[in-house]
Amino acid sequence: MLNKIGCILLLFFSFHSWAAVESMVDISIVKSKQGDWTVTYKTHKPASRLSFIRNPDASRIERWQPNDSSFEIVSIADQEFIIKQDGSYFTQVSLLLTPTYQHLAKDYAPFSPYSDGGVLLYTGRLFACIEYCLDEINQWQFALQVPAGEHIVLNGTVQQGDASWIDNDDGRNVYVGPQKPLETENVIAVIDKGLPDRIKHSLDADIPKLMEYYEQGLGKLTGIKPTLFASYANVAGHSSQGGTLPSQIFMHWDQNNLSSKVSDKTFLNNTIWFFAHEVAHLYQGDFYGDRDESWLHEGHADWLAARALLALYPETEGYVTHKIDRFRTHCATGLTHFPLVEAADKGRFDLYYTCGLLIHQAIDLALQQQGGNDIYDLWTAFRIQADQGDKKASDLFLSMTEKWTSPLLVARIKAILNSKLSNPEQSLTLVISGDF
Ligand SMILES: [Zn+2]
């Protein structure tokens, strides 16, 4: 385990060659005065079952209770479905949701509670389709109703009472609760007031600082001003999670010992690294990546985090050096049995961070040795081409890297990605040797 902070990145508009097709499943969510959350699905035609886009586990069975006992959620071959027990068709079903934090492996939590009773809701969790979710289905009509006195923060705006929107791609986070967002020069912020001052201060000061830093290398963000959500459940948990979606960056702490942890230097360094990693994602641009090429954006975000910490917080040099050393050992040990592209299938997603950082570090150093360019220049050029073409992102990135650096370096990187190595340590040493 690298640390207890996990990051998930599900970017992307990608290179959809198909036109988005409407799901024909309308989704309405109601939060009652008593704090109950109900989701209702209405289908445009009778359905024998509803399936979900996202199936990280089977926890809906426990956490979603149909209002009508003739319905149930079942899991078949790692997919959850809403069905009627007698197999008959239906056009509407309502379910009571459990609005507490639930860690989902490699997926966003459905609810991230704030300590004042507010909550961040992740809409992608609710996307459903009649029968099966085909790739081209990518449009859901959403409606949300909340009790008087609570706000909805949606797409950077504040709304009262109710809201409706069309959702798509990987969905979005929507805040519901008593807190009004604070708009600053860089972000719209919904920061949990219960977080320790040290973390609140870091969110207030370090996030804008990091944004300005990345802006210099990767250009200004386009589109709407990003919203920063930081929530703290303050319960007996032990996980933290963060992620980014278009124009959103979010972090959740599901633990109750933050006030004592903020006196621990390693915890503070891990936190600033975590922020730097997440903010880097905002500046990478939207591109589609398959799971097996996650070294591209996760490794890149981690290497940028290293560069950002060294540039903005020079006192973290020892921490960063030590971390990169650990990444090397971690990556070399992990690649003993399979190549990096197989890491996701082997349940070793963590290797995309550690090996990915080393790959981007090697490329950056090679660029700098040649003089004139660095990883920011290459990524900026890559982002433009990725937007225009339909090539697999990692293939495009490596072919550009080859042009910008050397065929030998890219051949060595490809060996790490695609071959089971007889001596991973030696292969990594070669990649980062700068000798090519
Ligand atoms: Zn990430």
# chains A, B, ... in the order shown; residues from 1 in each chain; ligands from 1
$ select_by_dssp --residues "range 153-402 of chain A" --states "strand (DSSP E or B)" --output "NGL selection string"
:A and (153-154 or 157-160 or 162-167 or 173-177 or 182-183 or 188-191 or 227-232 or 239-245 or 248-254)
$ residues_around --residues "Ile359 in chain A" --least-positions-apart "4" --cutoff "7 Å" --atoms "only C-alpha atoms" --output "MDAnalysis selection string"
chainID A and resid 355 363 413
$ write_last_selection --atoms "N, CA and C atoms" --output "PDB file, in the first residue's frame"
ATOM      1  N   CYS A 355       5.496   2.958 -11.090  1.00  0.00           N
ATOM      2  CA  CYS A 355       6.260   2.779 -12.333  1.00  0.00           C
ATOM      3  C   CYS A 355       5.988   3.957 -13.264  1.00  0.00           C
ATOM      4  N   ILE A 363      11.541  10.471 -18.910  1.00  0.00           N
ATOM      5  CA  ILE A 363      11.281  11.267 -20.116  1.00  0.00           C
ATOM      6  C   ILE A 363      11.641  12.733 -19.860  1.00  0.00           C
ATOM      7  N   ILE A 413      11.259   1.948 -22.407  1.00  0.00           N
ATOM      8  CA  ILE A 413       9.973   2.138 -21.723  1.00  0.00           C
ATOM      9  C   ILE A 413       8.990   1.058 -22.170  1.00  0.00           C
TER      10      ILE A 413
END
$ residues_near_ligand --ligand "ligand 1" --cutoff "12 Å" --atoms "only C-alpha atoms and all ligand atoms" --output "number ranges by chain"
A: 5-11, 106-107, 241-245, 249-251, 273-284, 294-305, 349-350, 352-354, 356-357
$ residues_around --residues "Leu378 in chain A" --least-positions-apart "4" --cutoff "8 Å" --atoms "only C-alpha atoms" --output "PDB file with N, CA and C atoms, in the first residue's frame"
ATOM      1  N   ASN A 373      13.482  21.681 -23.764  1.00  0.00           N
ATOM      2  CA  ASN A 373      12.124  21.242 -23.431  1.00  0.00           C
ATOM      3  C   ASN A 373      12.085  20.485 -22.115  1.00  0.00           C
ATOM      4  N   ASP A 374      10.852  20.314 -21.631  1.00  0.00           N
ATOM      5  CA  ASP A 374      10.661  19.420 -20.493  1.00  0.00           C
ATOM      6  C   ASP A 374       9.306  18.745 -20.631  1.00  0.00           C
ATOM      7  N   PHE A 382       1.234  17.006 -26.693  1.00  0.00           N
ATOM      8  CA  PHE A 382       0.477  15.746 -26.709  1.00  0.00           C
ATOM      9  C   PHE A 382      -1.026  16.008 -26.560  1.00  0.00           C
ATOM     10  N   MET A 400       5.172  10.359 -29.779  1.00  0.00           N
ATOM     11  CA  MET A 400       5.680  11.738 -29.658  1.00  0.00           C
ATOM     12  C   MET A 400       6.958  11.768 -28.819  1.00  0.00           C
ATOM     13  N   THR A 401       6.970  10.961 -27.742  1.00  0.00           N
ATOM     14  CA  THR A 401       8.171  10.906 -26.902  1.00  0.00           C
ATOM     15  C   THR A 401       9.377  10.448 -27.722  1.00  0.00           C
ATOM     16  N   TRP A 404      10.620  13.282 -29.691  1.00  0.00           N
ATOM     17  CA  TRP A 404      11.182  14.349 -28.851  1.00  0.00           C
ATOM     18  C   TRP A 404      12.439  13.904 -28.104  1.00  0.00           C
TER      19      TRP A 404
END
$ atom_distance --atom1 "CA of Gly177 in chain A" --atom2 "CA of Ile152 in chain A"
6.9 Å
$ atom_distance --atom1 "CA of Ile272 in chain A" --atom2 "CA of Ile207 in chain A"
9.0 Å
$ atom_distance --atom1 "CA of Arg172 in chain A" --atom2 "CA of Leu121 in chain A"
8.2 Å
$ closest_residue --among "A:Ile188, A:Val174, A:Leu417, A:Leu258" --to "Ala236 in chain A" --atoms "only C-alpha atoms"
A:Leu258
$ closest_residue --among "A:Arg49, A:Arg198, A:Arg60, A:Arg54" --to "Ile130 in chain A" --atoms "only C-alpha atoms"
A:Arg49
$ residues_around --residues "Lys323 in chain A" --least-positions-apart "2" --cutoff "12 Å" --atoms "only C-alpha atoms" --output "MDAnalysis selection string"
chainID A and resid 2:3 266 269:270 273 302:303 305:306 309 316:321 325:331 353:354 357:358
$ closest_residue --among "A:Thr98, A:Gln141, A:Ser23, A:Gln65" --to "Ile166 in chain A" --atoms "only C-alpha atoms"
A:Gln141
$ residues_around --residues "Ile61 in chain A" --least-positions-apart "2" --cutoff "10 Å" --atoms "only C-alpha atoms" --output "PDB file with N, CA and C atoms, in the first residue's frame"
ATOM      1  N   ASP A  57     -18.757  -3.390  -7.317  1.00  0.00           N
ATOM      2  CA  ASP A  57     -19.003  -4.505  -6.397  1.00  0.00           C
ATOM      3  C   ASP A  57     -20.519  -4.722  -6.358  1.00  0.00           C
ATOM      4  N   ALA A  58     -20.988  -5.483  -5.382  1.00  0.00           N
ATOM      5  CA  ALA A  58     -22.428  -5.761  -5.336  1.00  0.00           C
ATOM      6  C   ALA A  58     -23.077  -5.063  -4.146  1.00  0.00           C
ATOM      7  N   SER A  59     -22.530  -3.916  -3.728  1.00  0.00           N
ATOM      8  CA  SER A  59     -23.013  -3.307  -2.485  1.00  0.00           C
ATOM      9  C   SER A  59     -24.366  -2.614  -2.623  1.00  0.00           C
ATOM     10  N   ARG A  63     -27.343  -1.751   0.172  1.00  0.00           N
ATOM     11  CA  ARG A  63     -27.476  -0.329   0.479  1.00  0.00           C
ATOM     12  C   ARG A  63     -28.633   0.362  -0.230  1.00  0.00           C
ATOM     13  N   TRP A  64     -29.256  -0.304  -1.173  1.00  0.00           N
ATOM     14  CA  TRP A  64     -30.398   0.270  -1.870  1.00  0.00           C
ATOM     15  C   TRP A  64     -31.624  -0.604  -1.573  1.00  0.00           C
ATOM     16  N   GLN A  65     -32.631  -0.021  -0.924  1.00  0.00           N
ATOM     17  CA  GLN A  65     -33.815  -0.796  -0.559  1.00  0.00           C
ATOM     18  C   GLN A  65     -35.001  -0.391  -1.426  1.00  0.00           C
ATOM     19  N   PRO A  66     -35.531  -1.305  -2.264  1.00  0.00           N
ATOM     20  CA  PRO A  66     -36.710  -0.949  -3.065  1.00  0.00           C
ATOM     21  C   PRO A  66     -37.882  -0.578  -2.158  1.00  0.00           C
ATOM     22  N   GLU A  72     -36.289  -6.307  -6.462  1.00  0.00           N
ATOM     23  CA  GLU A  72     -35.041  -6.597  -5.749  1.00  0.00           C
ATOM     24  C   GLU A  72     -33.837  -6.278  -6.639  1.00  0.00           C
ATOM     25  N   ILE A  73     -32.702  -6.131  -5.987  1.00  0.00           N
ATOM     26  CA  ILE A  73     -31.452  -5.966  -6.746  1.00  0.00           C
ATOM     27  C   ILE A  73     -30.716  -7.296  -6.674  1.00  0.00           C
ATOM     28  N   VAL A  74     -30.259  -7.745  -7.834  1.00  0.00           N
ATOM     29  CA  VAL A  74     -29.512  -8.997  -7.872  1.00  0.00           C
ATOM     30  C   VAL A  74     -28.180  -8.747  -8.578  1.00  0.00           C
ATOM     31  N   SER A  75     -27.244  -9.617  -8.322  1.00  0.00           N
ATOM     32  CA  SER A  75     -25.946  -9.517  -8.995  1.00  0.00           C
ATOM     33  C   SER A  75     -25.730 -10.787  -9.811  1.00  0.00           C
ATOM     34  N   GLU A  80     -24.863  -5.690 -11.387  1.00  0.00           N
ATOM     35  CA  GLU A  80     -26.084  -5.580 -10.591  1.00  0.00           C
ATOM     36  C   GLU A  80     -27.263  -5.198 -11.488  1.00  0.00           C
ATOM     37  N   PHE A  81     -28.441  -5.720 -11.136  1.00  0.00           N
ATOM     38  CA  PHE A  81     -29.658  -5.415 -11.892  1.00  0.00           C
ATOM     39  C   PHE A  81     -30.803  -5.159 -10.918  1.00  0.00           C
ATOM     40  N   ILE A  82     -31.712  -4.269 -11.314  1.00  0.00           N
ATOM     41  CA  ILE A  82     -32.984  -4.138 -10.585  1.00  0.00           C
ATOM     42  C   ILE A  82     -34.009  -4.947 -11.370  1.00  0.00           C
TER      43      ILE A  82
END
$ residues_around --residues "Gly217 in chain A" --least-positions-apart "4" --cutoff "10 Å" --atoms "only C-alpha atoms" --output "list in words"
Glu212, Tyr213, Tyr283, Asp374, Ile375, Tyr376, Asp377, Trp379 and Thr380 of chain A
$ residues_around --residues "Pro46 in chain A" --least-positions-apart "3" --cutoff "8 Å" --atoms "only C-alpha atoms" --output "PDB file with N, CA and C atoms, in the first residue's frame"
ATOM      1  N   THR A  43     -38.723   4.652 -16.833  1.00  0.00           N
ATOM      2  CA  THR A  43     -38.238   4.249 -18.159  1.00  0.00           C
ATOM      3  C   THR A  43     -39.225   4.686 -19.240  1.00  0.00           C
ATOM      4  N   TYR A  89     -42.483  -6.920 -16.445  1.00  0.00           N
ATOM      5  CA  TYR A  89     -41.938  -5.653 -16.911  1.00  0.00           C
ATOM      6  C   TYR A  89     -42.396  -4.511 -16.006  1.00  0.00           C
ATOM      7  N   PHE A  90     -41.651  -3.440 -15.996  1.00  0.00           N
ATOM      8  CA  PHE A  90     -42.023  -2.273 -15.184  1.00  0.00           C
ATOM      9  C   PHE A  90     -41.545  -1.001 -15.878  1.00  0.00           C
ATOM     10  N   THR A  91     -42.101   0.129 -15.451  1.00  0.00           N
ATOM     11  CA  THR A  91     -41.663   1.418 -16.014  1.00  0.00           C
ATOM     12  C   THR A  91     -41.218   2.387 -14.917  1.00  0.00           C
TER      13      THR A  91
END
$ closest_residue --among "A:Asp345, A:Glu150, A:Asp135, A:Asp197" --to "Ser32 in chain A" --atoms "only C-alpha atoms"
A:Glu150
$ closest_residue --among "A:Thr100, A:Gln248, A:Ser260, A:Asn55" --to "Phe229 in chain A" --atoms "only C-alpha atoms"
A:Gln248
$ select_by_dssp --residues "range 66-283 of chain A" --states "alpha helix (DSSP H)" --output "number ranges by chain"
A: 197-218, 258-261, 265-283
$ write_last_selection --atoms "C-alpha atoms" --output "PDB file, in the first residue's frame"
ATOM      1  CA  ASP A 197      -7.506  24.436  10.541  1.00  0.00           C
ATOM      2  CA  ARG A 198      -4.237  23.177   9.210  1.00  0.00           C
ATOM      3  CA  ILE A 199      -5.949  21.328   6.354  1.00  0.00           C
ATOM      4  CA  LYS A 200      -8.428  24.142   5.696  1.00  0.00           C
ATOM      5  CA  HIS A 201      -5.551  26.548   5.479  1.00  0.00           C
ATOM      6  CA  SER A 202      -3.708  24.232   3.126  1.00  0.00           C
ATOM      7  CA  LEU A 203      -6.794  23.952   0.908  1.00  0.00           C
ATOM      8  CA  ASP A 204      -7.165  27.746   0.897  1.00  0.00           C
ATOM      9  CA  ALA A 205      -3.526  28.497   0.242  1.00  0.00           C
ATOM     10  CA  ASP A 206      -1.892  25.503  -1.423  1.00  0.00           C
ATOM     11  CA  ILE A 207      -4.524  24.658  -4.018  1.00  0.00           C
ATOM     12  CA  PRO A 208      -4.360  28.147  -5.636  1.00  0.00           C
ATOM     13  CA  LYS A 209      -0.586  28.044  -5.397  1.00  0.00           C
ATOM     14  CA  LEU A 210      -0.484  24.678  -7.159  1.00  0.00           C
ATOM     15  CA  MET A 211      -2.924  25.895  -9.793  1.00  0.00           C
ATOM     16  CA  GLU A 212      -0.762  28.880 -10.569  1.00  0.00           C
ATOM     17  CA  TYR A 213       2.279  26.647 -10.753  1.00  0.00           C
ATOM     18  CA  TYR A 214       0.711  24.168 -13.216  1.00  0.00           C
ATOM     19  CA  GLU A 215      -0.746  27.010 -15.218  1.00  0.00           C
ATOM     20  CA  GLN A 216       2.771  28.159 -16.015  1.00  0.00           C
ATOM     21  CA  GLY A 217       3.669  24.780 -17.472  1.00  0.00           C
ATOM     22  CA  LEU A 218       0.407  23.619 -18.980  1.00  0.00           C
ATOM     23  CA  LEU A 258      -7.425  14.263  11.600  1.00  0.00           C
ATOM     24  CA  SER A 259      -6.898  16.771  14.394  1.00  0.00           C
ATOM     25  CA  SER A 260      -4.137  14.628  15.863  1.00  0.00           C
ATOM     26  CA  LYS A 261      -2.705  13.615  12.491  1.00  0.00           C
ATOM     27  CA  LYS A 265       4.940  15.821   9.271  1.00  0.00           C
ATOM     28  CA  THR A 266       4.666  12.787   7.012  1.00  0.00           C
ATOM     29  CA  PHE A 267       0.888  13.112   7.045  1.00  0.00           C
ATOM     30  CA  LEU A 268       1.170  16.767   6.026  1.00  0.00           C
ATOM     31  CA  ASN A 269       3.634  15.930   3.263  1.00  0.00           C
ATOM     32  CA  ASN A 270       1.366  13.135   2.036  1.00  0.00           C
ATOM     33  CA  THR A 271      -1.539  15.575   2.051  1.00  0.00           C
ATOM     34  CA  ILE A 272       0.243  18.191  -0.010  1.00  0.00           C
ATOM     35  CA  TRP A 273       1.421  15.483  -2.417  1.00  0.00           C
ATOM     36  CA  PHE A 274      -2.202  14.318  -2.667  1.00  0.00           C
ATOM     37  CA  PHE A 275      -3.361  17.866  -3.451  1.00  0.00           C
ATOM     38  CA  ALA A 276      -0.576  18.327  -5.992  1.00  0.00           C
ATOM     39  CA  HIS A 277      -1.472  15.057  -7.695  1.00  0.00           C
ATOM     40  CA  GLU A 278      -5.175  15.912  -7.915  1.00  0.00           C
ATOM     41  CA  VAL A 279      -4.638  19.468  -9.116  1.00  0.00           C
ATOM     42  CA  ALA A 280      -2.247  18.147 -11.787  1.00  0.00           C
ATOM     43  CA  HIS A 281      -5.090  16.062 -13.212  1.00  0.00           C
ATOM     44  CA  LEU A 282      -7.135  19.207 -13.820  1.00  0.00           C
ATOM     45  CA  TYR A 283      -4.384  20.483 -16.102  1.00  0.00           C
TER      46      TYR A 283
END
$ closest_residue --among "A:Gln426, A:Gln388, A:Ser112, A:Met24" --to "Arg412 in chain A" --atoms "only C-alpha atoms"
A:Gln426
